[in-house]
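What follows is a single structure, written as structure tokens, with notes after it.
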Amino acid sequence: MNPMLVLQIATKVREHPGRAGCLVALLVFGPLALVLLMVGVLVAVIAGAGATATAVPGSVPGIPGTMLAAYVQAAQRVTAIRPQCQGMRWSSLAGVAEVESRHAAGHAIAANGDITPPILGPELDGSGVGGNVTPVRNPDGSFARALGPFQFLSTTWLVPHQGT
């Protein structure tokens, strides 16, 4: 340690004796606190490395069991349907459904996933309801509306015609 620095610290301690206790505490407990912090970070990293995207809690407060099961199944099956969609997690799906419908709050959810009454967004007629100022129509000419707990448009699932 720099002798001039030691001299400066000793002078400050003499001028302000109350600081001596803080200095001693820092010198004694500082390295211990640093070691404990490093051990804590290491344990957190190791614990996180063992976690997998398929780790699912038995229940989550605020998410109905049927909805949680649907999110988990969807995340597990998505790559079979869309191989380029890698890394989807049930928690991401749950986050979207929380924002869009609060996990179908206020609706009955059957064991097979049917939701009653259906979750319907406003008609996208351009009136400004729901922030929509541009009319959006379904292929049959009716105004589109978002459906279900994720609030997708029904046309999202249309299969494009081959060659068009």
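Scheme for the structure tokens: letters A, B, ... for chains in order shown; per-chain residue numbers from 1; ligand numbers from 1 in order shown.
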
Which residues are close to range 104-113 of chain A, i.e. within 12 Å by only C-alpha atoms, leaving aside same-chain residues fewer than 4 positions away? Reply as a PyMOL selection string. chain A and resi 62-71+73+94+96-100+117-120+147-151

Quick check for you: according to DSSP on this backbone, which residues of range 72-149 of chain A are classed as strand (DSSP E or B)? Reply as number ranges by chain. A: 108-109, 115-116, 120, 137, 143, 146-147

To one decimal place, how far is CA of Ser59 in chain A from CA of Val72 in chain A in Å?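 CA of Ser59 in chain A sits 11.5 Å away from CA of Val72 in chain A.
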
Quick check for you: according to DSSP on this backbone, which residues of range 38-158 of chain A are classed as helix (DSSP H, G or I)? Reply as a count of residues only. 49

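Taking CA of Phe143 in chain A and CA of Ala74 in chain A as the two end points, the separation is 28.5 Å.
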
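Nearest residue to Asn138 in chain A, choosing from A:Asp125, A:Thr155, A:Trp90, A:Gly95 and counting only C-alpha atoms: A:Thr155.
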
Leaving out Gln86 in chain A and any residue of its chain fewer than 4 positions from it, which residues lie within 12 Å of it when counting only C-alpha atoms, given as a PyMOL selection string? chain A and resi 53+75-82
